[in-house]
file coords38.txt (compact mmCIF, C-alpha atoms)
# COMPACT_ATOMS: atom_id res chain seq x y z
CA ALA A 2 0.00 0.00 0.00
CA PRO A 3 1.19 3.58 -0.57
CA ASN A 4 1.48 4.23 3.19
CA GLY A 5 3.45 1.03 3.76
CA THR A 6 1.13 -0.42 6.42
CA ARG A 7 -0.35 -3.23 4.29
CA TYR A 8 0.57 -5.32 1.30
CA ALA A 9 -1.56 -7.27 -1.15
CA PHE A 10 -0.79 -10.28 -3.30
CA THR A 11 -2.56 -12.81 -5.48
CA MET A 12 -2.77 -16.55 -4.89
CA VAL A 13 -3.32 -18.79 -7.89
CA HIS A 14 -4.87 -22.24 -7.67
CA ASP A 15 -7.05 -24.53 -9.75
CA MET A 16 -10.23 -22.56 -9.07
CA GLY A 17 -8.79 -19.18 -10.09
CA VAL A 18 -6.96 -16.16 -8.70
CA GLU A 19 -7.60 -14.86 -5.17
CA LEU A 20 -6.70 -11.53 -3.54
CA TRP A 21 -4.92 -11.69 -0.17
CA MET A 22 -3.68 -8.96 2.13
CA GLY A 23 -1.14 -8.80 4.93
CA VAL A 24 -0.19 -6.29 7.61
CA ALA A 25 3.38 -5.04 7.34
CA ASP A 26 4.26 -5.28 11.05
CA SER A 27 2.92 -8.82 11.58
CA SER A 28 2.86 -12.22 9.92
CA ARG A 29 -0.93 -12.29 9.67
CA VAL A 30 -2.53 -12.49 6.22
CA GLN A 31 -6.16 -12.82 5.19
CA ARG A 32 -8.09 -13.53 2.03
CA ILE A 33 -9.97 -10.49 0.73
CA LEU A 34 -11.53 -12.00 -2.39
CA GLY A 35 -12.07 -15.57 -3.54
CA PRO A 36 -11.18 -16.81 -7.04
CA GLN A 37 -12.75 -13.80 -8.75
CA LEU A 38 -9.75 -11.91 -10.12
CA ASN A 39 -8.85 -11.82 -13.81
CA ALA A 40 -5.06 -11.66 -14.18
CA SER A 41 -5.02 -12.67 -17.85
CA ARG A 42 -3.97 -9.19 -19.02
CA GLY A 43 -1.41 -7.71 -16.66
CA SER A 44 -1.78 -6.92 -12.99
CA ALA A 45 -5.13 -7.84 -11.47
CA PHE A 46 -5.18 -4.99 -8.94
CA SER A 47 -3.79 -1.57 -7.99
CA TRP A 48 -3.79 0.20 -4.63
CA MET A 49 -5.71 3.43 -4.35
CA PRO A 50 -3.74 6.37 -2.86
CA ASP A 51 -5.70 6.25 0.42
CA SER A 52 -4.30 2.75 1.14
CA GLU A 53 -7.83 1.71 2.15
CA ARG A 54 -9.11 0.57 -1.22
CA ILE A 55 -7.89 -1.57 -4.10
CA VAL A 56 -9.18 -1.32 -7.68
CA CYS A 57 -9.38 -4.84 -9.11
CA ARG A 58 -10.07 -6.57 -12.39
CA LEU A 59 -12.73 -9.19 -11.67
CA LEU A 60 -14.29 -11.90 -13.77
CA PRO A 61 -17.64 -10.53 -15.03
CA ALA A 62 -20.57 -11.76 -12.97
CA GLN A 63 -22.53 -12.93 -16.05
CA ARG A 64 -19.53 -14.57 -17.68
CA GLY A 65 -21.16 -17.99 -18.11
CA ARG A 66 -19.46 -21.00 -19.65
CA ALA A 67 -16.51 -20.68 -22.01
CA PRO A 68 -17.53 -20.61 -25.68
CA ARG A 69 -16.39 -23.50 -27.82
CA GLY A 70 -13.19 -22.90 -29.71
CA GLU A 71 -12.34 -23.94 -33.24
CA ASP A 72 -10.38 -26.99 -34.28
CA ALA A 73 -6.72 -26.32 -35.07
CA ASN A 74 -5.77 -25.71 -38.69
CA THR A 75 -4.62 -28.82 -40.51
CA SER A 76 -2.39 -26.80 -42.86
CA PRO A 77 -0.21 -23.69 -42.52
CA ARG A 78 -1.71 -20.26 -43.16
CA ILE A 79 0.36 -18.33 -45.70
CA ARG A 80 0.20 -14.54 -45.99
CA ASP A 81 1.82 -12.61 -48.84
CA SER A 82 3.14 -9.11 -48.04
CA ALA A 83 2.58 -8.11 -51.68
CA ASP A 84 -1.14 -8.75 -51.31
CA PRO A 85 -2.98 -5.40 -50.81
CA GLY A 86 -5.40 -7.15 -48.48
CA SER A 87 -2.64 -8.57 -46.30
CA SER A 88 -1.66 -7.10 -42.94
CA ALA A 89 1.83 -8.60 -42.99
CA TYR A 90 3.37 -5.24 -42.11
CA GLY A 91 1.54 -5.18 -38.80
CA ALA A 92 -1.37 -2.84 -39.51
CA ASP A 93 -3.65 -5.39 -37.87
CA PRO A 94 -2.40 -6.39 -34.40
CA ASP A 95 -4.29 -9.72 -34.62
CA PRO A 96 -4.45 -10.65 -38.31
CA GLY A 97 -6.98 -13.18 -39.42
CA LEU A 98 -8.94 -13.64 -36.20
CA SER A 99 -12.14 -15.53 -36.80
CA ALA A 100 -15.42 -14.69 -35.11
CA ALA A 101 -14.97 -17.64 -32.73
CA GLN A 102 -11.46 -16.50 -31.80
CA ILE A 103 -12.69 -12.96 -31.11
CA THR A 104 -15.40 -14.36 -28.85
CA LEU A 105 -12.84 -16.46 -26.96
CA ARG A 106 -10.53 -13.46 -26.57
CA ALA A 107 -13.32 -11.32 -25.12
CA TYR A 108 -14.36 -14.14 -22.78
CA TYR A 109 -10.93 -14.80 -21.28
CA LEU A 110 -9.55 -11.24 -21.29
CA GLY A 111 -12.73 -9.36 -20.34
CA SER A 112 -12.92 -7.90 -16.81
CA GLN A 113 -15.26 -5.98 -14.57
CA LEU A 114 -13.45 -3.25 -12.64
CA ALA A 115 -14.37 -3.03 -8.96
CA MET A 116 -13.35 -1.03 -5.89
CA VAL A 117 -12.59 -3.22 -2.88
CA ASP A 118 -12.51 -1.86 0.67
CA VAL A 119 -9.70 -3.76 2.42
CA ARG A 120 -11.24 -3.36 5.89
CA SER A 121 -14.76 -4.57 5.13
CA ALA A 122 -14.07 -6.51 1.89
CA THR A 123 -16.96 -4.58 0.32
CA VAL A 124 -16.90 -4.82 -3.48
CA VAL A 125 -18.38 -2.00 -5.59
CA PRO A 126 -18.44 -2.42 -9.41
CA VAL A 127 -16.80 0.41 -11.38
CA GLY A 128 -18.01 1.13 -14.91
CA LEU A 129 -18.90 -1.50 -17.50
CA PRO A 130 -16.97 -4.68 -18.35
CA GLY A 131 -14.30 -4.57 -21.04
CA VAL A 132 -10.82 -5.69 -22.08
CA PHE A 133 -8.48 -3.28 -20.31
CA ASP A 134 -4.85 -2.53 -21.15
CA LEU A 135 -4.44 0.05 -18.38
CA VAL A 136 -6.25 0.95 -15.15
CA GLN A 137 -4.35 3.62 -13.19
CA PRO A 138 -5.70 5.68 -10.25
CA SER A 139 -4.80 9.37 -10.10
CA PRO A 140 -2.50 10.44 -7.21
CA ASP A 141 -5.45 12.02 -5.38
CA GLY A 142 -7.66 8.96 -5.89
CA MET A 143 -10.43 10.94 -7.60
CA PHE A 144 -9.98 9.58 -11.14
CA LEU A 145 -9.05 6.46 -13.09
CA LEU A 146 -7.05 6.45 -16.31
CA VAL A 147 -8.49 3.61 -18.38
CA SER A 148 -7.34 2.15 -21.69
CA GLN A 149 -9.58 -0.28 -23.54
CA ALA A 150 -7.83 -2.87 -25.70
CA ASP A 151 -8.49 -3.11 -29.42
CA GLN A 152 -10.74 -6.01 -30.33
CA PRO A 153 -10.40 -6.55 -34.09
CA GLY A 154 -13.70 -7.46 -35.64
CA ALA A 155 -15.73 -6.53 -32.57
CA ASP A 156 -18.66 -4.19 -32.90
CA SER A 157 -17.30 -0.95 -31.44
CA SER A 158 -20.73 0.66 -31.80
CA ALA A 159 -22.31 -1.65 -29.23
CA GLN A 160 -23.84 0.20 -26.32
CA SER A 161 -23.22 -2.55 -23.77
CA ALA A 162 -19.54 -1.69 -23.23
CA PRO A 163 -17.05 1.15 -23.88
CA ALA A 164 -15.49 1.30 -27.33
CA ALA A 165 -12.24 -0.61 -27.82
CA GLY A 166 -8.95 1.18 -28.43
CA VAL A 167 -9.96 4.27 -26.42
CA VAL A 168 -8.05 5.98 -23.60
CA MET A 169 -10.41 7.73 -21.18
CA VAL A 170 -10.57 9.34 -17.76
CA TRP A 171 -13.26 8.00 -15.43
CA ASP A 172 -14.23 9.23 -12.03
CA ALA A 173 -13.78 6.72 -9.18
CA THR A 174 -17.31 5.38 -9.73
CA GLY A 175 -16.70 4.54 -13.39
CA ARG A 176 -18.42 7.52 -15.00
CA PRO A 177 -16.56 8.57 -18.20
CA LEU A 178 -15.36 12.18 -18.02
CA ARG A 179 -12.98 12.73 -20.90
CA GLU A 180 -11.69 10.88 -23.96
CA LEU A 181 -7.96 11.30 -24.56
CA SER A 182 -7.32 9.02 -27.51
CA SER A 183 -9.90 7.73 -29.95
CA ARG A 184 -10.09 4.33 -31.52
CA ILE A 185 -8.23 3.96 -34.80
CA ASP A 186 -9.21 1.42 -37.42
CA SER A 187 -7.13 -1.76 -37.23
CA THR A 188 -7.90 -3.04 -40.73
CA PRO A 189 -5.11 -3.62 -43.27
CA ALA A 190 -6.16 -0.43 -45.08
CA VAL A 191 -4.69 1.59 -42.21
CA SER A 192 -0.90 1.57 -42.24
CA ILE A 193 1.23 0.83 -39.18
CA THR A 194 2.70 4.33 -39.54
CA LEU A 195 -0.73 5.91 -39.13
CA ARG A 196 -1.49 3.74 -36.11
CA ALA A 197 1.75 4.91 -34.50
CA ARG A 198 0.90 8.58 -35.12
CA ARG A 199 -1.64 8.85 -32.36
CA ALA A 200 -1.63 10.08 -28.78
CA ARG A 201 0.13 7.52 -26.60
CA ALA A 202 2.03 6.84 -23.36
CA HIS A 203 -0.70 8.30 -21.15
CA GLY A 204 -0.07 8.51 -17.41
CA TRP A 205 -0.46 10.58 -14.27
CA ARG A 206 2.21 13.15 -13.43
CA HIS A 207 3.97 12.40 -10.15
CA GLY A 208 3.77 15.12 -7.52
CA ALA A 209 0.46 16.52 -8.82
CA ALA A 210 -3.06 15.71 -7.61
CA ALA A 211 -4.53 14.80 -11.00
CA THR A 212 -2.45 16.02 -13.93
CA LEU A 213 -2.27 13.87 -17.03
CA VAL A 214 0.78 13.63 -19.26
CA TRP A 215 1.06 11.99 -22.66
CA VAL A 216 2.88 12.15 -26.00
CA GLU A 217 1.19 13.10 -29.24
CA PRO A 218 2.33 13.86 -32.81
CA ASN A 219 3.50 17.39 -33.53
CA ASP A 220 1.37 18.40 -36.50
CA GLY A 221 3.14 21.73 -36.89
CA LEU A 222 6.35 20.38 -38.43
CA THR A 223 8.42 22.99 -40.28
CA SER A 224 11.98 23.21 -41.59
CA THR A 225 13.00 24.89 -38.34
CA ASN A 226 10.86 22.69 -36.09
CA ALA A 227 11.59 19.08 -36.93
CA VAL A 228 10.50 17.58 -33.60
CA ALA A 229 8.09 14.75 -34.39
CA ASP A 230 6.37 14.56 -30.99
CA ARG A 231 5.36 16.84 -28.18
CA ILE A 232 4.55 16.23 -24.51
CA MET A 233 1.09 17.31 -23.37
CA LEU A 234 -0.20 18.12 -19.86
CA LEU A 235 -3.80 18.33 -18.70
CA ALA A 236 -4.74 19.33 -15.15
CA ALA A 237 -8.01 18.44 -13.41
CA PRO A 238 -9.58 16.29 -16.16
call {"tool": "encode", "arguments": {"input": "coords38.txt", "output": "structure tokens"}}
result
Amino acid sequence: APNGTRYAFTMVHDMGVELWMGVADSSRVQRILGPQLNASRGSAFSWMPDSERIVCRLLPAQRGRAPRGEDANTSPRIRDSADPGSSAYGADPDPGLSAAQITLRAYYLGSQLAMVDVRSATVVPVGLPGVFDLVQPSPDGMFLLVSQADQPGADSSAQSAPAAGVVMVWDATGRPLRELSSRIDSTPAVSITLRARRARAHGWRHGAAATLVWVEPNDGLTSTNAVADRIMLLAAP
């Protein structure tokens, strides 16, 4: 925890991933959550700045049974970089995913964010489920910086979950406040260069209550100003 009085860790067993907590000045530990955590995409939890709460990635409550996967290919899949429809240069981060594979990806990587009180073990859902690349509390604990992962082939217009490939600021209850980086098409028609020329490397500035910092392309390139990127700051999102 930020104040050094507690520590949290995960325990993995056949039933899933549990959240445990210990007190720094004793050997006592206790289980906070049963096998509910989803650690399939990075860390399953982060301490809030008050050291009293933990924001976790949980398995969605209505997850259900795993969808059936496809049989393995019986022959190699060959892609030609000279083919205009090919994504061999990396424009598509997951080339050739079938509908069944996309469903499996969403099932195993999807999480429900939740705020867990370490004293009472009270769990409060935060926002809607999704596939998250980043969940980072602001230094003052008032906001969450959230990045949704791209899901090639998924319907980004669906109203049941936030759009994929979007970096946003939420308040601590999960209410979206500001969009920082929009989704960019991941089809082969969009080059890898274009995908790289977007706002990126978002994070909270250390030493400030809630100031965001990120890198974005410098669109005002001139012969005397050849710097490709610029660093941006945004206070009180």
call {"tool": "atom_distance", "arguments": {"input": "coords38.txt", "atom1": "atom CA of A:Ala67", "atom2": "atom CA of A:Arg42"}}
result
17.3 Å
call {"tool": "residues_around", "arguments": {"input": "coords38.txt", "residues": "stretch 122-131 of chain A", "least_positions_apart": "5", "cutoff": "10 Å", "atoms": "all atoms listed in the file", "output": "MDAnalysis selection string"}}
result
chainID A and resid 32:34 54:62 107:108 110:117 145 148:150 161:165 171:177
call {"tool": "atom_distance", "arguments": {"input": "coords38.txt", "atom1": "atom CA of A:Arg201", "atom2": "atom CA of A:Arg179"}}
result
15.2 Å
call {"tool": "atom_distance", "arguments": {"input": "coords38.txt", "atom1": "atom CA of A:Ser76", "atom2": "atom CA of A:Ala101"}}
result
18.6 Å
call {"tool": "residues_around", "arguments": {"input": "coords38.txt", "residues": "stretch 231-234 of chain A", "least_positions_apart": "2", "cutoff": "9 Å", "atoms": "all atoms listed in the file", "output": "PyMOL selection string"}}
result
chain A and resi 206+212-219+228-229+236
call {"tool": "residues_near_point", "arguments": {"input": "coords38.txt", "point": "(1.3, 14.1, -8.0)", "cutoff": "12 Å", "atoms": "all atoms listed in the file", "output": "ChimeraX atom specification"}}
result
/A:50,138-142,204-214,236-237
call {"tool": "closest_residue", "arguments": {"input": "coords38.txt", "among": "A:Met16, A:Gly70, A:Ala2, A:Gly166", "to": "A:Ser47", "atoms": "all atoms listed in the file"}}
result
A:Ala2
call {"tool": "closest_residue", "arguments": {"input": "coords38.txt", "among": "A:Trp48, A:Glu53, A:Leu38, A:Glu180", "to": "A:Val119", "atoms": "only C-alpha atoms"}}
result
A:Glu53
call {"tool": "closest_residue", "arguments": {"input": "coords38.txt", "among": "A:Arg199, A:Arg66, A:Met12, A:Thr6", "to": "A:Ala25", "atoms": "all atoms listed in the file"}}
result
A:Thr6
call {"tool": "closest_residue", "arguments": {"input": "coords38.txt", "among": "A:Ser52, A:Thr11, A:Ser27, A:Thr75", "to": "A:Asp118", "atoms": "only C-alpha atoms"}}
result
A:Ser52
call {"tool": "closest_residue", "arguments": {"input": "coords38.txt", "among": "A:Thr104, A:Ser121, A:Ser44, A:Gln63", "to": "A:Leu135", "atoms": "only C-alpha atoms"}}
result
A:Ser44
call {"tool": "closest_residue", "arguments": {"input": "coords38.txt", "among": "A:Pro36, A:Arg120, A:Arg69, A:Val147", "to": "A:Met22", "atoms": "all atoms listed in the file"}}
result
A:Arg120
call {"tool": "build_atoms", "arguments": {"input": "coords38.txt", "residues": "stretch 195-214 of chain A", "atoms": "N, CA, C and O atoms", "output": "mmCIF file, keeping the file's coordinate frame"}}
result
data_model
loop_
_atom_site.group_PDB
_atom_site.id
_atom_site.type_symbol
_atom_site.label_atom_id
_atom_site.label_comp_id
_atom_site.auth_asym_id
_atom_site.auth_seq_id
_atom_site.Cartn_x
_atom_site.Cartn_y
_atom_site.Cartn_z
ATOM 1 N N LEU A 195 0.395 5.113 -39.588
ATOM 2 C CA LEU A 195 -0.730 5.910 -39.130
ATOM 3 C C LEU A 195 -1.139 5.513 -37.725
ATOM 4 O O LEU A 195 -1.452 6.357 -36.889
ATOM 5 N N ARG A 196 -1.114 4.205 -37.444
ATOM 6 C CA ARG A 196 -1.490 3.740 -36.110
ATOM 7 C C ARG A 196 -0.523 4.248 -35.060
ATOM 8 O O ARG A 196 -0.894 4.478 -33.917
ATOM 9 N N ALA A 197 0.759 4.411 -35.447
ATOM 10 C CA ALA A 197 1.750 4.910 -34.500
ATOM 11 C C ALA A 197 1.616 6.404 -34.268
ATOM 12 O O ALA A 197 2.033 6.918 -33.229
ATOM 13 N N ARG A 198 1.009 7.124 -35.214
ATOM 14 C CA ARG A 198 0.900 8.580 -35.120
ATOM 15 C C ARG A 198 -0.390 8.953 -34.383
ATOM 16 O O ARG A 198 -1.272 9.600 -34.928
ATOM 17 N N ARG A 199 -0.496 8.523 -33.176
ATOM 18 C CA ARG A 199 -1.640 8.850 -32.360
ATOM 19 C C ARG A 199 -1.153 9.167 -30.961
ATOM 20 O O ARG A 199 -0.019 8.856 -30.607
ATOM 21 N N ALA A 200 -2.003 9.804 -30.164
ATOM 22 C CA ALA A 200 -1.630 10.080 -28.780
ATOM 23 C C ALA A 200 -1.336 8.776 -28.060
ATOM 24 O O ALA A 200 -2.030 7.780 -28.255
ATOM 25 N N ARG A 201 -0.299 8.771 -27.221
ATOM 26 C CA ARG A 201 0.130 7.520 -26.600
ATOM 27 C C ARG A 201 0.871 7.811 -25.292
ATOM 28 O O ARG A 201 1.084 8.963 -24.941
ATOM 29 N N ALA A 202 1.254 6.755 -24.602
ATOM 30 C CA ALA A 202 2.030 6.840 -23.360
ATOM 31 C C ALA A 202 1.352 7.721 -22.314
ATOM 32 O O ALA A 202 1.979 8.556 -21.669
ATOM 33 N N HIS A 203 0.055 7.519 -22.130
ATOM 34 C CA HIS A 203 -0.700 8.300 -21.150
ATOM 35 C C HIS A 203 -0.348 7.865 -19.725
ATOM 36 O O HIS A 203 -0.113 6.688 -19.459
ATOM 37 N N GLY A 204 -0.327 8.809 -18.810
ATOM 38 C CA GLY A 204 -0.070 8.510 -17.410
ATOM 39 C C GLY A 204 -0.330 9.720 -16.539
ATOM 40 O O GLY A 204 -0.579 10.821 -17.028
ATOM 41 N N TRP A 205 -0.283 9.493 -15.219
ATOM 42 C CA TRP A 205 -0.460 10.580 -14.270
ATOM 43 C C TRP A 205 0.900 11.167 -13.906
ATOM 44 O O TRP A 205 1.867 10.424 -13.717
ATOM 45 N N ARG A 206 0.960 12.481 -13.781
ATOM 46 C CA ARG A 206 2.210 13.150 -13.430
ATOM 47 C C ARG A 206 2.451 13.011 -11.924
ATOM 48 O O ARG A 206 1.584 13.308 -11.108
ATOM 49 N N HIS A 207 3.628 12.546 -11.560
ATOM 50 C CA HIS A 207 3.970 12.400 -10.150
ATOM 51 C C HIS A 207 4.123 13.776 -9.495
ATOM 52 O O HIS A 207 4.620 14.729 -10.102
ATOM 53 N N GLY A 208 3.657 13.865 -8.261
ATOM 54 C CA GLY A 208 3.770 15.120 -7.520
ATOM 55 C C GLY A 208 2.619 16.074 -7.737
ATOM 56 O O GLY A 208 2.596 17.153 -7.154
ATOM 57 N N ALA A 209 1.645 15.687 -8.575
ATOM 58 C CA ALA A 209 0.460 16.520 -8.820
ATOM 59 C C ALA A 209 -0.786 15.718 -8.464
ATOM 60 O O ALA A 209 -0.796 14.488 -8.558
ATOM 61 N N ALA A 210 -1.841 16.402 -8.060
ATOM 62 C CA ALA A 210 -3.060 15.710 -7.610
ATOM 63 C C ALA A 210 -3.696 14.897 -8.722
ATOM 64 O O ALA A 210 -4.038 13.725 -8.535
ATOM 65 N N ALA A 211 -3.871 15.492 -9.885
ATOM 66 C CA ALA A 211 -4.530 14.800 -11.000
ATOM 67 C C ALA A 211 -4.180 15.476 -12.311
ATOM 68 O O ALA A 211 -5.037 16.039 -12.991
ATOM 69 N N THR A 212 -2.908 15.433 -12.672
ATOM 70 C CA THR A 212 -2.450 16.020 -13.930
ATOM 71 C C THR A 212 -2.013 14.895 -14.857
ATOM 72 O O THR A 212 -1.183 14.060 -14.494
ATOM 73 N N LEU A 213 -2.594 14.875 -16.036
ATOM 74 C CA LEU A 213 -2.270 13.870 -17.030
ATOM 75 C C LEU A 213 -1.111 14.315 -17.904
ATOM 76 O O LEU A 213 -0.953 15.506 -18.195
ATOM 77 N N VAL A 214 -0.320 13.361 -18.335
ATOM 78 C CA VAL A 214 0.780 13.630 -19.260
ATOM 79 C C VAL A 214 0.766 12.560 -20.339
ATOM 80 O O VAL A 214 0.475 11.394 -20.064
#
